[in-house]
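All remarks here apply to the structure that follows.
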Protein chains: 2
Amino acid sequence: MKVSIDRSALLAAIQNVQRSVSTKTTIPVLSGIKLSAERDTLKLTATDLETGIETGLPAHIENQQIVQIMEEGAIVLSARYLSEIVRKLPQSEVELEVKQNYLTIIRSGSSEFNLHGLHAEEFPKLPQVSGSQTFGIPAIVLKDMIRQTVPAVSSEEIRPVLTGVVAVLQEGRLRFVATDSHRLAQRIVNVEAPAELAFSNVIIPGKSLSELGRLLPDNDSLVDVVIADNQIMFKFENTQFYSRLIDGQYPDTSRIIPTSFKTRIQVGTKELLDAVDRAALIARDNDNNVVRLNIRAGQSEISSNSADVGKVTESIHFADFQGEELLIAFNAKYLIDALRVVESESITVEFTGSMSPFLIKQSDNPDYIHLILPVRIY
Amino acid sequence: MKVSIDRSALLAAIQNVQRSVSTKTTIPVLSGIKLSAERDTLKLTATDLETGIETGLPAHIENQQIVQIMEEGAIVLSARYLSEIVRKLPQSEVELEVKQNYLTIIRSGSSEFNLHGLHAEEFPKLPQVSGSQTFGIPAIVLKDMIRQTVPAVSSEEIRPVLTGVVAVLQEGRLRFVATDSHRLAQRIVNVEAPAELAFSNVIIPGKSLSELGRLLPDNDSLVDVVIADNQIMFKFENTQFYSRLIDGQYPDTSRIIPTSFKTRIQVGTKELLDAVDRAALIARDNDNNVVRLNIRAGQSEISSNSADVGKVTESIHFADFQGEELLIAFNAKYLIDALRVVESESITVEFTGSMSPFLIKQSDNPDYIHLILPVRIY
């Protein structure tokens, strides 16, 4: 293999695929990036067996030469060394040449590195994901769905299905749901999909979605999504992102979302977020980050106290208040997580009593909801 | 105590003194900041017994009201909670009121915190540093001296004097020297001091100087330096920074600085720094970060190799070369540290053989020098 590559394009591709490189592995080849030169494209691949990323560098991007392939071939190089070396190389052009015994020469200007590589055949093949379950979704919309649901994913492995986000497609409506059994986040969007396409119980690991979210561009270019038996693939720009799916049956969450309320408030998103964020400074010192919300017709407030540190009281003004007065306590972190990903300036919160889950809705858009279970106070 | 304070000014003062707050201490009062309101000034003080910082907030700064004192007094509050709370308070004005049992109320807009404070009398007194050994130095110059010498300070406690920078003043020339016995950094500046003022063996802890360097403003306002028996005080803007001095006799370093050479090169600072920085990528994988510099009349190069990873060769162009050809090996980190704080575009390096220390000088200014001991290669 012998190729000449634009340094910035190579660095960007390395940083893309690096998100899938195993950081803790006993299998040397998994700590590497596979580079393969075929026809006029240099392909970079990384996988930790849970996710996989493949990025192709084409010969030209907008009339600028990016890759020139003098000799086809493939090699696996240490991701850590490759990225640090390419970041520091002196010239805008990098030459990469594989010699005997996988020794790879990286040349740029006055600098020459010789790295011990590994046989490309040892590198695991990424899964072949193909099937009729295919649809398109704008990158920025998918990114939003990830941002709004992943915080509610469980971090505990006891119930593996809860470490994922469940995706359901019905009648052109794509729904993402995540819950760690203390809170639940749901986001629904309309997608362009064939009318007959429908699926349910597609459970994508939360970690995979977080990585995907960081990779996706901030624009409305279309991401192609392909779902196979135990794999999902997202295709955008020159990149393909693979993730395994989680086995098992995701619990039915539709029935736990309340449809009526006894107390309803409307409040500025930022005002409530800032208040609970301050209250959390004291709350984190008690056991469960517990803050109290005291809803009164006159003056409402959020408060928290800690025997060691002291206490905090935040007066809150509601734009609207209907129904019964209420005292409820909950984990401040859950409300902060929920409010940070709200896109509207104002939210509606619906309560059905101090021991029942309460529902946070965007005032202008019911497609994102967040449900939080209160904690008992004595 | 009851005061009203501008939030941004209070936050800046907290962040200033916080550098001296003990992070690991079993004495509760040392994890706090003392606030004391007297006449029209609010004073903030912190100390970890090694350093101490005191910042005064005056009633007005440029016609803007900063502090208004309704009732004099003093209290100690947890540095961690105080800084996080003040950072997040909603309004530009903060009211602070001490009630019974050191309970302190912090009010701003709709937010009210009650923090348990500690008796101000428990807080250690900062040393009284006064004496005739006083001189002035522009903040930016002092900052430079710190930046150029502290990297060579020893991190090992075996010889305590080497964990400090030694300051010497003679005939209006102030010299800072630091060495960890593998390398030595020296910076000399002219200061405005009384002709008869002279001192030597003033050993300031490297850690104290690092903190001071972060506090000093980036301008040429004058810093007053006062040296007492076992303390040093730096006074600038509204702040006083105290540090203890290290006991003991600093070794005489003047005789180890070579005065002649067998090989001399002149080279671009950035070119050499970039080359050794790349070579260090491979060098850090071998035992002592060792790189080799091979000086030849024709082609000179820096190289390094590691059995596991591979090797690197960097061609170097010298603007000037005099004397004998030479092969020398050294710790890449030492050269990187030295070159990062060089202010001139070009440096001169003088060698007296492959087993003798070599000297790095700024080509246009001999006031900063750095000496590095080579390592033996077989």
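By convention in this document, the chains of the structure tokens carry letters A, B, ... by their order, each chain's residues are numbered from 1, and ligands are numbered from 1 in the order they are shown.
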Exercise for review: Select residues of chain A: the criterion is any atom within 6 Å of an atom of chain B, counting only C-alpha atoms; output as number ranges by chain.
Suggested key: A: 110-116, 309-315
Running DSSP on the backbone, which parts of region 19-90 of chain B land in helix (DSSP H, G or I), as a PDB file with C-alpha atoms, in the first residue's frame?
```pdb
ATOM      1  CA  ARG B  19      -6.116  29.244  44.995  1.00  0.00           C
ATOM      2  CA  SER B  20      -4.891  29.152  48.589  1.00  0.00           C
ATOM      3  CA  PRO B  28     -12.490  22.551  58.695  1.00  0.00           C
ATOM      4  CA  VAL B  29     -11.679  26.245  58.891  1.00  0.00           C
ATOM      5  CA  LEU B  30      -8.900  25.851  56.270  1.00  0.00           C
ATOM      6  CA  SER B  31     -11.420  24.702  53.651  1.00  0.00           C
ATOM      7  CA  ALA B  79     -15.000  27.970  49.816  1.00  0.00           C
ATOM      8  CA  ARG B  80     -16.558  25.291  47.667  1.00  0.00           C
ATOM      9  CA  TYR B  81     -20.187  26.159  48.449  1.00  0.00           C
ATOM     10  CA  LEU B  82     -19.579  29.900  48.444  1.00  0.00           C
ATOM     11  CA  SER B  83     -18.008  29.896  44.979  1.00  0.00           C
ATOM     12  CA  GLU B  84     -20.623  27.610  43.442  1.00  0.00           C
ATOM     13  CA  ILE B  85     -23.503  29.545  44.965  1.00  0.00           C
ATOM     14  CA  VAL B  86     -22.192  32.989  43.995  1.00  0.00           C
ATOM     15  CA  ARG B  87     -21.495  31.744  40.452  1.00  0.00           C
ATOM     16  CA  LYS B  88     -25.150  30.702  40.065  1.00  0.00           C
TER      17      LYS B  88
END
```
Practice item. For region 63-65 of chain A, list every protein, DNA or RNA residue within 12 Å, evaluated using only C-alpha atoms, and leave out those in the same chain fewer than 2 positions away; present the list as a list of chain:residue names. Key: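 Residues meeting the cut-off are A:Ser4, A:Ile5, A:Asp6, A:Arg7, A:Ser8, A:Ala9, A:Asp40, A:Thr41, A:Leu57, A:Pro58, A:Ala59, A:His60, A:Ile61, A:Val67, A:Gln68, A:Ile69, A:Ser92, A:Glu93.
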Practice item. Considering only C-alpha atoms, return as a ChimeraX atom specification whatever protein or nucleic-acid residues lie within 9 Å of region 164-177 of chain A, sequence-local ones (same chain, fewer than 2 positions apart) excluded. Key: /A:145-146,149-150,152-154,160-162,179,184-209,245-246,250,253
Review point. So which bits of region 131-174 of chain B end up strand (DSSP E or B) when you DSSP the backbone, as a VMD selection string?
Key: chain B and resid 134 to 138 164 to 170 173 to 174
**Study point:** Point-to-point distance from CA of Ile336 (chain A) to CA of Val290 (chain A), Å rounded to tenths
**Key:**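 Pair CA of Ile336 (chain A) / CA of Val290 (chain A) returns 12.2 Å.
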Exercise for review: Compare A:Val76, A:Val276, A:Val342, A:Leu44 by their minimum atom-to-atom distance to Asn289 (chain A), counting only C-alpha atoms, and give me the closest one.
Suggested key: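 Among the listed residues, the smallest separation from Asn289 (chain A) belongs to A:Val276.
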Practice item. Please provide the set of residues having any atom within 8 Å of Pro374 (chain A), restricted to only C-alpha atoms, with same-chain residues fewer than 5 positions apart removed, written as number ranges by chain. Key: A: 328-331, 354-358
**Study point:** Non-local contacts of Val223 (chain B) (9 Å; only C-alpha atoms; under 6 positions in same chain excluded) as a list in words
**Key:**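 In the requested form, the answer reads Phe135, Gly136, Ile137, Pro138, Ala139, Leu142, Leu216, Phe234, Lys235, Phe236 and Glu237 of chain B.
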Selection export as an mmCIF file, in the first residue's frame, atoms kept: N, CA and C atoms:
```cif
data_model
loop_
_atom_site.group_PDB
_atom_site.id
_atom_site.type_symbol
_atom_site.label_atom_id
_atom_site.label_comp_id
_atom_site.auth_asym_id
_atom_site.auth_seq_id
_atom_site.Cartn_x
_atom_site.Cartn_y
_atom_site.Cartn_z
ATOM 1 N N PHE B 135 11.274 45.683 47.087
ATOM 2 C CA PHE B 135 11.544 46.245 45.761
ATOM 3 C C PHE B 135 10.322 46.059 44.877
ATOM 4 N N GLY B 136 10.335 46.713 43.718
ATOM 5 C CA GLY B 136 9.196 46.633 42.803
ATOM 6 C C GLY B 136 9.594 45.967 41.500
ATOM 7 N N ILE B 137 8.641 45.241 40.881
ATOM 8 C CA ILE B 137 8.913 44.578 39.601
ATOM 9 C C ILE B 137 7.599 44.554 38.813
ATOM 10 N N PRO B 138 7.632 44.861 37.503
ATOM 11 C CA PRO B 138 6.385 44.823 36.722
ATOM 12 C C PRO B 138 5.785 43.411 36.726
ATOM 13 N N ALA B 139 4.457 43.318 36.850
ATOM 14 C CA ALA B 139 3.776 42.029 36.958
ATOM 15 C C ALA B 139 4.144 41.094 35.805
ATOM 16 N N LEU B 142 7.636 39.582 36.213
ATOM 17 C CA LEU B 142 7.668 38.562 37.256
ATOM 18 C C LEU B 142 7.021 37.270 36.754
ATOM 19 N N LEU B 216 -1.216 36.819 38.799
ATOM 20 C CA LEU B 216 -0.655 38.106 38.377
ATOM 21 C C LEU B 216 -1.330 38.614 37.111
ATOM 22 N N PHE B 234 3.916 39.300 48.048
ATOM 23 C CA PHE B 234 3.794 40.012 46.778
ATOM 24 C C PHE B 234 2.490 40.810 46.839
ATOM 25 N N LYS B 235 2.570 42.098 46.561
ATOM 26 C CA LYS B 235 1.394 42.952 46.682
ATOM 27 C C LYS B 235 1.094 43.572 45.323
ATOM 28 N N PHE B 236 -0.126 43.375 44.833
ATOM 29 C CA PHE B 236 -0.494 43.944 43.526
ATOM 30 C C PHE B 236 -1.998 44.162 43.502
ATOM 31 N N GLU B 237 -2.411 45.180 42.763
ATOM 32 C CA GLU B 237 -3.827 45.536 42.716
ATOM 33 C C GLU B 237 -4.412 45.498 44.133
#
```
Exercise for review: Could you tell me which of A:Ala319, A:Met70, A:Ala12, A:Ala332 comes closest to Glu95 (chain A) if we count only C-alpha atoms?
Suggested key: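 Of all the options, A:Met70 lies closest to Glu95 (chain A).
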Point to revise | Selection: 10 Å around Phe321 (chain B), only C-alpha atoms, excl. self and same-chain fewer than 3 positions, as a PyMOL selection string | key: chain B and resi 263-267+295-297+317-318+324-325+348-349
Using N, CA, C and O atoms, can you write the selected residues to a file as a PDB file, in the first residue's frame?
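Printed below is out.pdb as written:
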```pdb
ATOM      1  N   THR B 263      30.983  22.655  20.322  1.00  0.00           N
ATOM      2  CA  THR B 263      30.041  22.653  19.195  1.00  0.00           C
ATOM      3  C   THR B 263      29.011  23.742  19.466  1.00  0.00           C
ATOM      4  O   THR B 263      28.522  23.858  20.601  1.00  0.00           O
ATOM      5  N   ARG B 264      28.691  24.527  18.459  1.00  0.00           N
ATOM      6  CA  ARG B 264      27.640  25.521  18.665  1.00  0.00           C
ATOM      7  C   ARG B 264      26.706  25.548  17.454  1.00  0.00           C
ATOM      8  O   ARG B 264      27.151  25.614  16.318  1.00  0.00           O
ATOM      9  N   ILE B 265      25.393  25.488  17.711  1.00  0.00           N
ATOM     10  CA  ILE B 265      24.424  25.589  16.621  1.00  0.00           C
ATOM     11  C   ILE B 265      23.470  26.734  16.901  1.00  0.00           C
ATOM     12  O   ILE B 265      23.234  27.106  18.045  1.00  0.00           O
ATOM     13  N   GLN B 266      22.955  27.271  15.814  1.00  0.00           N
ATOM     14  CA  GLN B 266      21.880  28.251  15.935  1.00  0.00           C
ATOM     15  C   GLN B 266      20.703  27.698  15.139  1.00  0.00           C
ATOM     16  O   GLN B 266      20.880  27.215  14.015  1.00  0.00           O
ATOM     17  N   VAL B 267      19.488  27.702  15.716  1.00  0.00           N
ATOM     18  CA  VAL B 267      18.360  27.022  15.082  1.00  0.00           C
ATOM     19  C   VAL B 267      17.064  27.751  15.434  1.00  0.00           C
ATOM     20  O   VAL B 267      16.974  28.421  16.470  1.00  0.00           O
ATOM     21  N   ILE B 295      24.491  15.746  15.199  1.00  0.00           N
ATOM     22  CA  ILE B 295      24.893  16.984  14.515  1.00  0.00           C
ATOM     23  C   ILE B 295      25.994  16.664  13.519  1.00  0.00           C
ATOM     24  O   ILE B 295      27.083  16.221  13.894  1.00  0.00           O
ATOM     25  N   ARG B 296      25.698  16.852  12.234  1.00  0.00           N
ATOM     26  CA  ARG B 296      26.660  16.582  11.158  1.00  0.00           C
ATOM     27  C   ARG B 296      26.769  17.830  10.284  1.00  0.00           C
ATOM     28  O   ARG B 296      25.788  18.577  10.164  1.00  0.00           O
ATOM     29  N   ALA B 297      27.923  18.014   9.685  1.00  0.00           N
ATOM     30  CA  ALA B 297      28.119  19.182   8.832  1.00  0.00           C
ATOM     31  C   ALA B 297      27.076  19.195   7.709  1.00  0.00           C
ATOM     32  O   ALA B 297      26.542  20.246   7.354  1.00  0.00           O
ATOM     33  N   HIS B 317      17.404  21.637  10.166  1.00  0.00           N
ATOM     34  CA  HIS B 317      18.277  22.587   9.481  1.00  0.00           C
ATOM     35  C   HIS B 317      18.782  23.621  10.486  1.00  0.00           C
ATOM     36  O   HIS B 317      17.996  24.238  11.197  1.00  0.00           O
ATOM     37  N   PHE B 318      20.104  23.773  10.563  1.00  0.00           N
ATOM     38  CA  PHE B 318      20.674  24.778  11.462  1.00  0.00           C
ATOM     39  C   PHE B 318      20.982  26.049  10.691  1.00  0.00           C
ATOM     40  O   PHE B 318      21.545  26.006   9.601  1.00  0.00           O
ATOM     41  N   GLU B 324      32.852  20.973  16.385  1.00  0.00           N
ATOM     42  CA  GLU B 324      32.901  19.541  16.108  1.00  0.00           C
ATOM     43  C   GLU B 324      31.526  18.936  15.824  1.00  0.00           C
ATOM     44  O   GLU B 324      30.533  19.391  16.362  1.00  0.00           O
ATOM     45  N   GLU B 325      31.516  17.849  15.023  1.00  0.00           N
ATOM     46  CA  GLU B 325      30.297  17.051  14.891  1.00  0.00           C
ATOM     47  C   GLU B 325      30.048  16.335  16.212  1.00  0.00           C
ATOM     48  O   GLU B 325      30.969  16.143  17.004  1.00  0.00           O
ATOM     49  N   THR B 348      20.468  29.626  20.466  1.00  0.00           N
ATOM     50  CA  THR B 348      21.820  29.125  20.305  1.00  0.00           C
ATOM     51  C   THR B 348      22.003  27.986  21.304  1.00  0.00           C
ATOM     52  O   THR B 348      21.584  28.115  22.454  1.00  0.00           O
ATOM     53  N   VAL B 349      22.558  26.859  20.843  1.00  0.00           N
ATOM     54  CA  VAL B 349      22.820  25.752  21.761  1.00  0.00           C
ATOM     55  C   VAL B 349      24.320  25.466  21.735  1.00  0.00           C
ATOM     56  O   VAL B 349      24.911  25.326  20.658  1.00  0.00           O
TER      57      VAL B 349
END
```
Practice item. Counting only C-alpha atoms, figure out which residue out of A:Val17, A:Met1, A:Ile232, A:Ala37 gets nearest to Gln128 (chain A). Key: A:Ile232
Check your understanding: Which distance in Å separates CA of Asn230 (chain A) and CA of Glu54 (chain A), to one decimal?
Key ->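 Distance reported for this atom pair: 18.5 Å.
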Exercise for review: Can you work out which one of A:Gln133, A:Thr259, A:Ser181, A:Gln322 has the shortest atom-to-atom distance to Glu156 (chain A), counting only C-alpha atoms?
Suggested key: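 Of all the options, A:Ser181 lies closest to Glu156 (chain A).
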